[in-house]
>>> print(open('start_2.txt').read())   # compact mmCIF, N, CA and C atoms
# COMPACT_ATOMS: atom_id res chain seq x y z
N GLU Y 1 2.43 1.84 -1.39
CA GLU Y 1 1.99 0.62 -0.73
C GLU Y 1 1.04 1.01 0.39
N LEU Y 2 -0.13 0.37 0.41
CA LEU Y 2 -1.11 0.63 1.46
C LEU Y 2 -0.95 -0.40 2.57
N GLY Y 3 -1.01 0.05 3.83
CA GLY Y 3 -0.86 -0.86 4.96
C GLY Y 3 0.47 -1.58 4.89
N CYS Y 4 1.56 -0.82 4.84
CA CYS Y 4 2.87 -1.36 4.46
C CYS Y 4 3.49 -2.35 5.43
N GLY Y 5 3.15 -2.28 6.70
CA GLY Y 5 3.81 -3.19 7.65
C GLY Y 5 5.32 -3.00 7.62
N THR Y 6 6.05 -4.01 7.22
CA THR Y 6 7.51 -3.94 7.18
C THR Y 6 8.06 -3.22 5.95
N ALA Y 7 7.21 -2.88 5.01
CA ALA Y 7 7.56 -2.21 3.75
C ALA Y 7 8.25 -3.15 2.76
N LEU Y 8 8.07 -4.44 2.93
CA LEU Y 8 8.70 -5.40 2.03
C LEU Y 8 8.33 -5.16 0.57
N ALA Y 9 7.04 -4.97 0.30
CA ALA Y 9 6.62 -4.75 -1.09
C ALA Y 9 7.18 -3.45 -1.64
N SER Y 10 7.28 -2.42 -0.83
CA SER Y 10 7.86 -1.15 -1.27
C SER Y 10 9.35 -1.30 -1.58
N ILE Y 11 10.05 -2.01 -0.73
CA ILE Y 11 11.48 -2.25 -0.94
C ILE Y 11 11.70 -3.06 -2.21
N ALA Y 12 10.91 -4.11 -2.39
CA ALA Y 12 11.02 -4.92 -3.60
C ALA Y 12 10.71 -4.09 -4.85
N SER Y 13 9.69 -3.25 -4.79
CA SER Y 13 9.36 -2.39 -5.93
C SER Y 13 10.50 -1.45 -6.27
N ALA Y 14 11.11 -0.88 -5.25
CA ALA Y 14 12.25 0.01 -5.48
C ALA Y 14 13.42 -0.75 -6.11
N LYS Y 15 13.70 -1.92 -5.57
CA LYS Y 15 14.81 -2.72 -6.11
C LYS Y 15 14.55 -3.16 -7.54
N LEU Y 16 13.26 -3.30 -7.90
CA LEU Y 16 12.90 -3.72 -9.26
C LEU Y 16 12.76 -2.55 -10.23
N GLY Y 17 13.02 -1.32 -9.76
CA GLY Y 17 13.09 -0.21 -10.68
C GLY Y 17 12.04 0.87 -10.57
N ALA Y 18 11.14 0.81 -9.59
CA ALA Y 18 10.16 1.89 -9.44
C ALA Y 18 10.89 3.21 -9.20
N SER Y 19 10.46 4.27 -9.85
CA SER Y 19 11.14 5.55 -9.71
C SER Y 19 10.79 6.27 -8.42
N SER Y 20 9.64 5.95 -7.84
CA SER Y 20 9.20 6.55 -6.59
C SER Y 20 8.34 5.54 -5.84
N VAL Y 21 8.59 5.42 -4.55
CA VAL Y 21 7.86 4.47 -3.71
C VAL Y 21 7.46 5.17 -2.42
N VAL Y 22 6.18 5.03 -2.05
CA VAL Y 22 5.70 5.56 -0.77
C VAL Y 22 5.05 4.42 -0.01
N ALA Y 23 5.63 4.06 1.12
CA ALA Y 23 5.09 3.02 2.00
C ALA Y 23 4.19 3.72 3.02
N THR Y 24 2.90 3.38 3.03
CA THR Y 24 1.96 4.08 3.91
C THR Y 24 1.34 3.13 4.94
N ASP Y 25 1.00 3.70 6.07
CA ASP Y 25 0.29 2.99 7.12
C ASP Y 25 -0.30 4.04 8.04
N ALA Y 26 -1.33 3.71 8.77
CA ALA Y 26 -1.92 4.64 9.73
C ALA Y 26 -1.20 4.59 11.07
N ASN Y 27 -0.46 3.53 11.33
CA ASN Y 27 0.20 3.30 12.60
C ASN Y 27 1.62 3.86 12.55
N THR Y 28 1.92 4.85 13.36
CA THR Y 28 3.23 5.49 13.32
C THR Y 28 4.35 4.56 13.80
N GLU Y 29 4.05 3.64 14.69
CA GLU Y 29 5.07 2.67 15.12
C GLU Y 29 5.43 1.73 13.97
N VAL Y 30 4.44 1.32 13.22
CA VAL Y 30 4.68 0.48 12.05
C VAL Y 30 5.51 1.26 11.04
N LEU Y 31 5.20 2.54 10.85
CA LEU Y 31 5.95 3.37 9.90
C LEU Y 31 7.41 3.55 10.32
N ALA Y 32 7.66 3.62 11.63
CA ALA Y 32 9.04 3.72 12.09
C ALA Y 32 9.83 2.47 11.69
N LEU Y 33 9.22 1.29 11.85
CA LEU Y 33 9.84 0.04 11.41
C LEU Y 33 10.05 0.05 9.90
N ALA Y 34 9.04 0.45 9.16
CA ALA Y 34 9.12 0.50 7.70
C ALA Y 34 10.24 1.44 7.26
N ARG Y 35 10.33 2.60 7.90
CA ARG Y 35 11.38 3.57 7.57
C ARG Y 35 12.77 2.98 7.80
N ARG Y 36 12.96 2.29 8.93
CA ARG Y 36 14.25 1.65 9.20
C ARG Y 36 14.57 0.60 8.14
N ASN Y 37 13.58 -0.19 7.78
CA ASN Y 37 13.80 -1.22 6.76
C ASN Y 37 14.15 -0.61 5.40
N ILE Y 38 13.48 0.46 5.04
CA ILE Y 38 13.79 1.14 3.79
C ILE Y 38 15.21 1.69 3.83
N GLU Y 39 15.57 2.33 4.92
CA GLU Y 39 16.93 2.89 5.05
C GLU Y 39 17.98 1.79 4.97
N ARG Y 40 17.74 0.68 5.64
CA ARG Y 40 18.72 -0.42 5.64
C ARG Y 40 18.85 -1.09 4.28
N ASN Y 41 17.76 -1.19 3.57
CA ASN Y 41 17.77 -1.93 2.31
C ASN Y 41 17.98 -1.08 1.08
N LEU Y 42 17.78 0.22 1.20
CA LEU Y 42 17.91 1.10 0.04
C LEU Y 42 18.92 2.21 0.26
N SER Y 43 19.78 2.04 1.25
CA SER Y 43 20.79 3.07 1.52
C SER Y 43 21.79 3.13 0.37
N ASN Y 44 22.55 4.21 0.32
CA ASN Y 44 23.51 4.41 -0.77
C ASN Y 44 24.50 3.27 -0.93
N ASN Y 45 24.95 2.68 0.18
CA ASN Y 45 25.93 1.59 0.05
C ASN Y 45 25.28 0.29 -0.43
N ASN Y 46 23.95 0.22 -0.43
CA ASN Y 46 23.26 -0.94 -0.99
C ASN Y 46 22.65 -0.61 -2.35
N ASN Y 47 22.81 0.65 -2.79
CA ASN Y 47 22.17 1.12 -4.01
C ASN Y 47 22.79 0.54 -5.26
N ASN Y 48 21.97 0.39 -6.27
CA ASN Y 48 22.47 0.16 -7.62
C ASN Y 48 21.63 1.03 -8.53
N ASN Y 49 21.87 1.04 -9.79
CA ASN Y 49 21.18 1.95 -10.70
C ASN Y 49 19.69 1.68 -10.82
N ASN Y 50 19.21 0.54 -10.35
CA ASN Y 50 17.80 0.20 -10.49
C ASN Y 50 16.95 0.59 -9.28
N VAL Y 51 17.55 1.18 -8.26
CA VAL Y 51 16.82 1.47 -7.03
C VAL Y 51 16.19 2.85 -7.10
N ALA Y 52 14.96 2.95 -6.62
CA ALA Y 52 14.22 4.21 -6.63
C ALA Y 52 15.01 5.30 -5.94
N THR Y 53 14.98 6.48 -6.50
CA THR Y 53 15.64 7.61 -5.87
C THR Y 53 14.76 8.23 -4.79
N ASP Y 54 13.48 7.97 -4.84
CA ASP Y 54 12.53 8.53 -3.88
C ASP Y 54 11.77 7.39 -3.22
N ALA Y 55 12.25 6.93 -2.09
CA ALA Y 55 11.57 5.90 -1.31
C ALA Y 55 11.35 6.47 0.09
N ARG Y 56 10.08 6.54 0.49
CA ARG Y 56 9.77 7.17 1.78
C ARG Y 56 8.55 6.53 2.40
N THR Y 57 8.26 6.94 3.63
CA THR Y 57 7.06 6.48 4.33
C THR Y 57 6.14 7.68 4.53
N ALA Y 58 4.85 7.40 4.72
CA ALA Y 58 3.88 8.47 4.99
C ALA Y 58 2.70 7.90 5.76
N VAL Y 59 2.19 8.69 6.69
CA VAL Y 59 0.99 8.30 7.41
C VAL Y 59 -0.20 8.44 6.45
N LEU Y 60 -0.99 7.39 6.36
CA LEU Y 60 -2.21 7.44 5.55
C LEU Y 60 -3.28 6.59 6.21
N GLN Y 61 -4.28 7.27 6.73
CA GLN Y 61 -5.47 6.60 7.26
C GLN Y 61 -6.40 6.39 6.08
N TRP Y 62 -6.93 5.18 5.92
CA TRP Y 62 -7.80 4.91 4.78
C TRP Y 62 -9.10 5.71 4.87
N GLY Y 63 -9.58 6.12 3.72
CA GLY Y 63 -10.83 6.84 3.60
C GLY Y 63 -10.67 8.02 2.66
N LEU Y 64 -11.77 8.48 2.16
CA LEU Y 64 -11.78 9.54 1.16
C LEU Y 64 -11.11 10.81 1.65
N MET Y 65 -11.42 11.25 2.85
CA MET Y 65 -10.88 12.52 3.35
C MET Y 65 -9.37 12.47 3.50
N ASP Y 66 -8.85 11.42 4.09
CA ASP Y 66 -7.41 11.34 4.32
C ASP Y 66 -6.63 11.09 3.03
N ALA Y 67 -7.24 10.39 2.10
CA ALA Y 67 -6.56 10.08 0.84
C ALA Y 67 -6.56 11.26 -0.12
N SER Y 68 -7.39 12.26 0.12
CA SER Y 68 -7.55 13.35 -0.86
C SER Y 68 -6.25 14.12 -1.11
N GLU Y 69 -5.35 14.16 -0.14
CA GLU Y 69 -4.08 14.85 -0.38
C GLU Y 69 -3.15 14.06 -1.31
N TYR Y 70 -3.51 12.82 -1.60
CA TYR Y 70 -2.74 11.98 -2.52
C TYR Y 70 -3.54 11.68 -3.79
N GLU Y 71 -4.49 12.54 -4.13
CA GLU Y 71 -5.38 12.27 -5.26
C GLU Y 71 -4.62 12.13 -6.58
N ASN Y 72 -4.90 11.01 -7.27
CA ASN Y 72 -4.34 10.72 -8.60
C ASN Y 72 -2.82 10.78 -8.65
N VAL Y 73 -2.14 10.23 -7.64
CA VAL Y 73 -0.67 10.27 -7.64
C VAL Y 73 -0.02 8.92 -7.97
N ALA Y 74 -0.75 7.83 -7.87
CA ALA Y 74 -0.12 6.51 -8.00
C ALA Y 74 -0.43 5.85 -9.33
N ASP Y 75 0.63 5.43 -10.01
CA ASP Y 75 0.47 4.60 -11.21
C ASP Y 75 0.12 3.18 -10.81
N VAL Y 76 0.69 2.75 -9.68
CA VAL Y 76 0.49 1.39 -9.17
C VAL Y 76 0.26 1.48 -7.66
N ILE Y 77 -0.74 0.76 -7.18
CA ILE Y 77 -0.95 0.59 -5.75
C ILE Y 77 -0.72 -0.87 -5.43
N ILE Y 78 0.07 -1.12 -4.40
CA ILE Y 78 0.31 -2.49 -3.97
C ILE Y 78 -0.15 -2.65 -2.52
N GLY Y 79 -0.57 -3.85 -2.21
CA GLY Y 79 -0.98 -4.14 -0.85
C GLY Y 79 -1.17 -5.64 -0.68
N SER Y 80 -1.09 -6.06 0.56
CA SER Y 80 -1.33 -7.48 0.85
C SER Y 80 -1.93 -7.62 2.23
N ASP Y 81 -2.81 -8.59 2.34
CA ASP Y 81 -3.39 -8.96 3.63
C ASP Y 81 -4.07 -7.78 4.32
N LEU Y 82 -4.90 -7.05 3.57
CA LEU Y 82 -5.57 -5.87 4.10
C LEU Y 82 -7.08 -6.04 4.26
N THR Y 83 -7.64 -7.15 3.78
CA THR Y 83 -9.10 -7.26 3.69
C THR Y 83 -9.71 -8.22 4.72
N TYR Y 84 -8.97 -8.59 5.74
CA TYR Y 84 -9.49 -9.53 6.73
C TYR Y 84 -10.61 -8.94 7.57
N ASN Y 85 -10.72 -7.61 7.62
CA ASN Y 85 -11.78 -6.94 8.36
C ASN Y 85 -12.72 -6.27 7.35
N SER Y 86 -13.88 -6.86 7.15
CA SER Y 86 -14.81 -6.33 6.14
C SER Y 86 -15.25 -4.90 6.47
N GLY Y 87 -15.14 -4.50 7.71
CA GLY Y 87 -15.49 -3.14 8.11
C GLY Y 87 -14.57 -2.09 7.50
N SER Y 88 -13.41 -2.49 7.01
CA SER Y 88 -12.47 -1.54 6.42
C SER Y 88 -12.55 -1.49 4.89
N TRP Y 89 -13.37 -2.33 4.29
CA TRP Y 89 -13.39 -2.44 2.83
C TRP Y 89 -13.77 -1.15 2.14
N VAL Y 90 -14.77 -0.44 2.63
CA VAL Y 90 -15.20 0.80 1.98
C VAL Y 90 -14.09 1.84 2.06
N ALA Y 91 -13.51 2.03 3.24
CA ALA Y 91 -12.43 3.02 3.40
C ALA Y 91 -11.22 2.65 2.54
N LEU Y 92 -10.86 1.37 2.50
CA LEU Y 92 -9.74 0.93 1.67
C LEU Y 92 -10.04 1.18 0.20
N SER Y 93 -11.25 0.87 -0.23
CA SER Y 93 -11.65 1.09 -1.62
C SER Y 93 -11.66 2.57 -1.98
N GLU Y 94 -12.15 3.42 -1.06
CA GLU Y 94 -12.13 4.86 -1.29
C GLU Y 94 -10.70 5.36 -1.47
N THR Y 95 -9.80 4.84 -0.65
CA THR Y 95 -8.40 5.23 -0.74
C THR Y 95 -7.82 4.82 -2.09
N MET Y 96 -8.05 3.59 -2.48
CA MET Y 96 -7.53 3.11 -3.77
C MET Y 96 -8.08 3.96 -4.92
N ALA Y 97 -9.39 4.22 -4.91
CA ALA Y 97 -10.01 4.98 -6.00
C ALA Y 97 -9.51 6.42 -6.04
N THR Y 98 -9.18 6.98 -4.89
CA THR Y 98 -8.70 8.36 -4.82
C THR Y 98 -7.24 8.48 -5.23
N VAL Y 99 -6.41 7.60 -4.75
CA VAL Y 99 -4.96 7.69 -4.94
C VAL Y 99 -4.54 7.26 -6.35
N LEU Y 100 -5.24 6.31 -6.93
CA LEU Y 100 -4.84 5.74 -8.21
C LEU Y 100 -5.09 6.72 -9.36
N LYS Y 101 -4.08 6.88 -10.22
CA LYS Y 101 -4.24 7.67 -11.43
C LYS Y 101 -5.17 6.96 -12.39
N PRO Y 102 -5.86 7.69 -13.27
CA PRO Y 102 -6.64 7.03 -14.32
C PRO Y 102 -5.73 6.10 -15.13
N GLY Y 103 -6.19 4.89 -15.36
CA GLY Y 103 -5.39 3.91 -16.08
C GLY Y 103 -4.38 3.18 -15.23
N GLY Y 104 -4.30 3.52 -13.93
CA GLY Y 104 -3.37 2.85 -13.04
C GLY Y 104 -3.86 1.46 -12.67
N ILE Y 105 -3.01 0.72 -11.96
CA ILE Y 105 -3.37 -0.65 -11.57
C ILE Y 105 -3.17 -0.86 -10.08
N VAL Y 106 -3.96 -1.79 -9.55
CA VAL Y 106 -3.83 -2.22 -8.16
C VAL Y 106 -3.35 -3.66 -8.17
N ILE Y 107 -2.30 -3.93 -7.43
CA ILE Y 107 -1.80 -5.30 -7.25
C ILE Y 107 -2.06 -5.65 -5.79
N TYR Y 108 -2.92 -6.63 -5.58
CA TYR Y 108 -3.32 -6.98 -4.22
C TYR Y 108 -3.28 -8.49 -4.02
N LEU Y 109 -2.84 -8.90 -2.86
CA LEU Y 109 -2.73 -10.31 -2.52
C LEU Y 109 -3.35 -10.56 -1.16
N SER Y 110 -4.14 -11.61 -1.07
CA SER Y 110 -4.65 -12.05 0.23
C SER Y 110 -4.64 -13.57 0.27
N LEU Y 111 -4.05 -14.11 1.31
CA LEU Y 111 -4.00 -15.56 1.47
C LEU Y 111 -5.09 -16.06 2.39
N GLY Y 112 -5.81 -15.17 3.02
CA GLY Y 112 -6.86 -15.56 3.94
C GLY Y 112 -6.34 -15.80 5.34
N HIS Y 113 -7.26 -16.01 6.25
CA HIS Y 113 -6.93 -16.21 7.65
C HIS Y 113 -7.71 -17.40 8.18
N SER Y 114 -7.25 -17.93 9.27
CA SER Y 114 -7.93 -19.05 9.90
C SER Y 114 -9.38 -18.68 10.18
N GLY Y 115 -10.29 -19.51 9.71
CA GLY Y 115 -11.70 -19.25 9.90
C GLY Y 115 -12.33 -18.37 8.83
N PHE Y 116 -11.52 -17.88 7.89
CA PHE Y 116 -12.02 -17.05 6.80
C PHE Y 116 -11.99 -17.84 5.50
N ASN Y 117 -12.93 -17.56 4.66
CA ASN Y 117 -12.95 -18.11 3.32
C ASN Y 117 -12.34 -17.07 2.41
N VAL Y 118 -11.11 -17.32 1.91
CA VAL Y 118 -10.41 -16.31 1.11
C VAL Y 118 -11.20 -15.95 -0.14
N GLY Y 119 -11.89 -16.92 -0.74
CA GLY Y 119 -12.70 -16.63 -1.91
C GLY Y 119 -13.83 -15.67 -1.59
N GLY Y 120 -14.48 -15.90 -0.46
CA GLY Y 120 -15.55 -15.01 -0.03
C GLY Y 120 -15.03 -13.64 0.35
N GLU Y 121 -13.88 -13.62 1.03
CA GLU Y 121 -13.24 -12.36 1.42
C GLU Y 121 -12.92 -11.53 0.18
N MET Y 122 -12.26 -12.14 -0.78
CA MET Y 122 -11.87 -11.41 -1.99
C MET Y 122 -13.09 -11.04 -2.82
N GLY Y 123 -14.05 -11.94 -2.92
CA GLY Y 123 -15.26 -11.64 -3.68
C GLY Y 123 -16.01 -10.46 -3.11
N GLY Y 124 -16.13 -10.43 -1.79
CA GLY Y 124 -16.81 -9.31 -1.14
C GLY Y 124 -16.06 -8.01 -1.33
N PHE Y 125 -14.75 -8.06 -1.16
CA PHE Y 125 -13.94 -6.86 -1.32
C PHE Y 125 -13.99 -6.36 -2.77
N LEU Y 126 -13.89 -7.27 -3.73
CA LEU Y 126 -13.93 -6.86 -5.14
C LEU Y 126 -15.27 -6.25 -5.51
N SER Y 127 -16.34 -6.68 -4.87
CA SER Y 127 -17.64 -6.07 -5.08
C SER Y 127 -17.65 -4.62 -4.60
N VAL Y 128 -17.08 -4.39 -3.44
CA VAL Y 128 -17.00 -3.03 -2.89
C VAL Y 128 -16.12 -2.17 -3.79
N VAL Y 129 -14.98 -2.70 -4.22
CA VAL Y 129 -14.07 -1.98 -5.09
C VAL Y 129 -14.78 -1.61 -6.40
N GLY Y 130 -15.52 -2.54 -6.94
CA GLY Y 130 -16.28 -2.29 -8.17
C GLY Y 130 -17.28 -1.16 -8.01
N ASN Y 131 -17.90 -1.08 -6.84
CA ASN Y 131 -18.85 -0.01 -6.56
C ASN Y 131 -18.17 1.36 -6.48
N MET Y 132 -16.85 1.36 -6.26
CA MET Y 132 -16.07 2.61 -6.23
C MET Y 132 -15.59 3.01 -7.62
N GLY Y 133 -15.91 2.18 -8.61
CA GLY Y 133 -15.54 2.52 -9.98
C GLY Y 133 -14.24 1.90 -10.46
N LEU Y 134 -13.62 1.07 -9.62
CA LEU Y 134 -12.39 0.39 -10.04
C LEU Y 134 -12.74 -0.95 -10.66
N GLN Y 135 -11.96 -1.36 -11.63
CA GLN Y 135 -12.19 -2.65 -12.27
C GLN Y 135 -11.03 -3.58 -12.01
>>> encode(input="start_2.txt", output="structure tokens")
Amino acid sequence: ELGCGTALASIASAKLGASSVVATDANTEVLALARRNIERNLSNNNNNNNVATDARTAVLQWGLMDASEYENVADVIIGSDLTYNSGSWVALSETMATVLKPGGIVIYLSLGHSGFNVGGEMGGFLSVVGNMGLQ
């Protein structure tokens, strides 16, 4: 998960059967919260057979250089509400293109923000993503 915040999507993925989940963010304070949420929601006493055995957090600053240590590791990338700042689109796209395995998928959601046109936001971001070779 990119820009994990509370790690909700990572926790849900683990509960739905993902074998490995990594909740990433560049902000270490956010990661501390995410780590606590993962521990509380995926601890052994809350475990069932469908929960990921490997659920963790990791610092990840978007961009080609920082993402290179995670090259081609993700079958699925999930994220939400990450494109409100168009200045981050290239770095986010570089990260997605680097981390995603060939044939992998990106699941992304954006609801937009006050004063933003979500269609324009997504259209612009998808154009940048396309230029990185992702479809």
>>> residues_around(input="start_2.txt", residues="Y:Gly133", least_positions_apart="2", cutoff="10 Å", atoms="only C-alpha atoms", output="mmCIF file with N, CA and C atoms, in the frame of the given file")
data_model
loop_
_atom_site.group_PDB
_atom_site.id
_atom_site.type_symbol
_atom_site.label_atom_id
_atom_site.label_comp_id
_atom_site.auth_asym_id
_atom_site.auth_seq_id
_atom_site.Cartn_x
_atom_site.Cartn_y
_atom_site.Cartn_z
ATOM 1 N N SER Y 93 -11.250 0.870 -0.230
ATOM 2 C CA SER Y 93 -11.650 1.090 -1.620
ATOM 3 C C SER Y 93 -11.660 2.570 -1.980
ATOM 4 N N GLU Y 94 -12.150 3.420 -1.060
ATOM 5 C CA GLU Y 94 -12.130 4.860 -1.290
ATOM 6 C C GLU Y 94 -10.700 5.360 -1.470
ATOM 7 N N ALA Y 97 -9.390 4.220 -4.910
ATOM 8 C CA ALA Y 97 -10.010 4.980 -6.000
ATOM 9 C C ALA Y 97 -9.510 6.420 -6.040
ATOM 10 N N VAL Y 128 -17.080 -4.390 -3.440
ATOM 11 C CA VAL Y 128 -17.000 -3.030 -2.890
ATOM 12 C C VAL Y 128 -16.120 -2.170 -3.790
ATOM 13 N N VAL Y 129 -14.980 -2.700 -4.220
ATOM 14 C CA VAL Y 129 -14.070 -1.980 -5.090
ATOM 15 C C VAL Y 129 -14.780 -1.610 -6.400
ATOM 16 N N GLY Y 130 -15.520 -2.540 -6.940
ATOM 17 C CA GLY Y 130 -16.280 -2.290 -8.170
ATOM 18 C C GLY Y 130 -17.280 -1.160 -8.010
ATOM 19 N N ASN Y 131 -17.900 -1.080 -6.840
ATOM 20 C CA ASN Y 131 -18.850 -0.010 -6.560
ATOM 21 C C ASN Y 131 -18.170 1.360 -6.480
ATOM 22 N N GLN Y 135 -11.960 -1.360 -11.630
ATOM 23 C CA GLN Y 135 -12.190 -2.650 -12.270
ATOM 24 C C GLN Y 135 -11.030 -3.580 -12.010
#
>>> closest_residue(input="start_2.txt", among="Y:Ala58, Y:Met65, Y:Val106, Y:Ala18", to="Y:Gly3", atoms="only C-alpha atoms")
Y:Ala58
>>> closest_residue(input="start_2.txt", among="Y:Leu31, Y:Ala12, Y:Met132, Y:Ala74", to="Y:Pro102", atoms="only N, CA and C atoms")
Y:Ala74
>>> closest_atom_pairs(input="start_2.txt", of="stretch 34-90 of chain Y", to="stretch 115-122 of chain Y", cutoff="8 Å", atoms="all atoms listed in the file", output="CSV")
residue,atom,partner,partner_atom,distance
Y:Thr83,C,Y:Glu121,CA,6.4
Y:Tyr84,CA,Y:Glu121,CA,7.1
Y:Ser86,CA,Y:Glu121,CA,7.8
>>> atom_distance(input="start_2.txt", atom1="atom CA of Y:Leu64", atom2="atom CA of Y:Ser20")
22.6 Å
>>> closest_residue(input="start_2.txt", among="Y:Val22, Y:Phe125, Y:Glu1, Y:Thr28", to="Y:Trp89", atoms="only N, CA and C atoms")
Y:Phe125
>>> residues_around(input="start_2.txt", residues="Y:Cys4", least_positions_apart="5", cutoff="7 Å", atoms="only N, CA and C atoms", output="PyMOL selection string")
chain Y and resi 9-10+23-26+30+34
>>> atom_distance(input="start_2.txt", atom1="atom CA of Y:Asn37", atom2="atom C of Y:Thr6")
6.1 Å
>>> residues_near_point(input="start_2.txt", point="(3.7, 6.3, -11.3)", cutoff="8 Å", atoms="only N, CA and C atoms", output="number ranges by chain")
Y: 19-20, 73-76, 101
>>> atom_distance(input="start_2.txt", atom1="atom CA of Y:Ile78", atom2="atom CA of Y:Ala91")
15.7 Å
>>> residues_around(input="start_2.txt", residues="Y:Tyr108", least_positions_apart="5", cutoff="7 Å", atoms="only N, CA and C atoms", output="list in words")
Ile77, Ile78, Gly79, Ser80 and Asp81 of chain Y
>>> write_last_selection(input="start_2.txt", atoms="N, CA and C atoms", output="compact mmCIF listing (two decimals), in the frame of the given file")
# COMPACT_ATOMS: atom_id res chain seq x y z
N ILE Y 77 -0.74 0.76 -7.18
CA ILE Y 77 -0.95 0.59 -5.75
C ILE Y 77 -0.72 -0.87 -5.43
N ILE Y 78 0.07 -1.12 -4.40
CA ILE Y 78 0.31 -2.49 -3.97
C ILE Y 78 -0.15 -2.65 -2.52
N GLY Y 79 -0.57 -3.85 -2.21
CA GLY Y 79 -0.98 -4.14 -0.85
C GLY Y 79 -1.17 -5.64 -0.68
N SER Y 80 -1.09 -6.06 0.56
CA SER Y 80 -1.33 -7.48 0.85
C SER Y 80 -1.93 -7.62 2.23
N ASP Y 81 -2.81 -8.59 2.34
CA ASP Y 81 -3.39 -8.96 3.63
C ASP Y 81 -4.07 -7.78 4.32
>>> select_by_dssp(input="start_2.txt", residues="stretch 24-83 of chain Y", states="strand (DSSP E)", output="VMD selection string")
chain Y and resid 24 to 25 54 to 59 74 to 80
>>> closest_residue(input="start_2.txt", among="Y:Ala67, Y:Asp54, Y:Leu82, Y:Arg36", to="Y:Ile107", atoms="only C-alpha atoms")
Y:Leu82
>>> closest_residue(input="start_2.txt", among="Y:Glu39, Y:Arg56, Y:Asn85, Y:Leu33", to="Y:Val21", atoms="all atoms listed in the file")
Y:Arg56
>>> closest_residue(input="start_2.txt", among="Y:Gly87, Y:Asp66, Y:Gly104, Y:Leu42", to="Y:Ile11", atoms="only N, CA and C atoms")
Y:Leu42
>>> residues_around(input="start_2.txt", residues="Y:Glu71", least_positions_apart="4", cutoff="6 Å", atoms="only N, CA and C atoms", output="number ranges by chain")
Y: 67, 98-100
>>> select_by_dssp(input="start_2.txt", residues="stretch 7-135 of chain Y", states="alpha helix (DSSP H)", output="number ranges by chain")
Y: 8-15, 28-42, 64-67, 89-99, 118-131
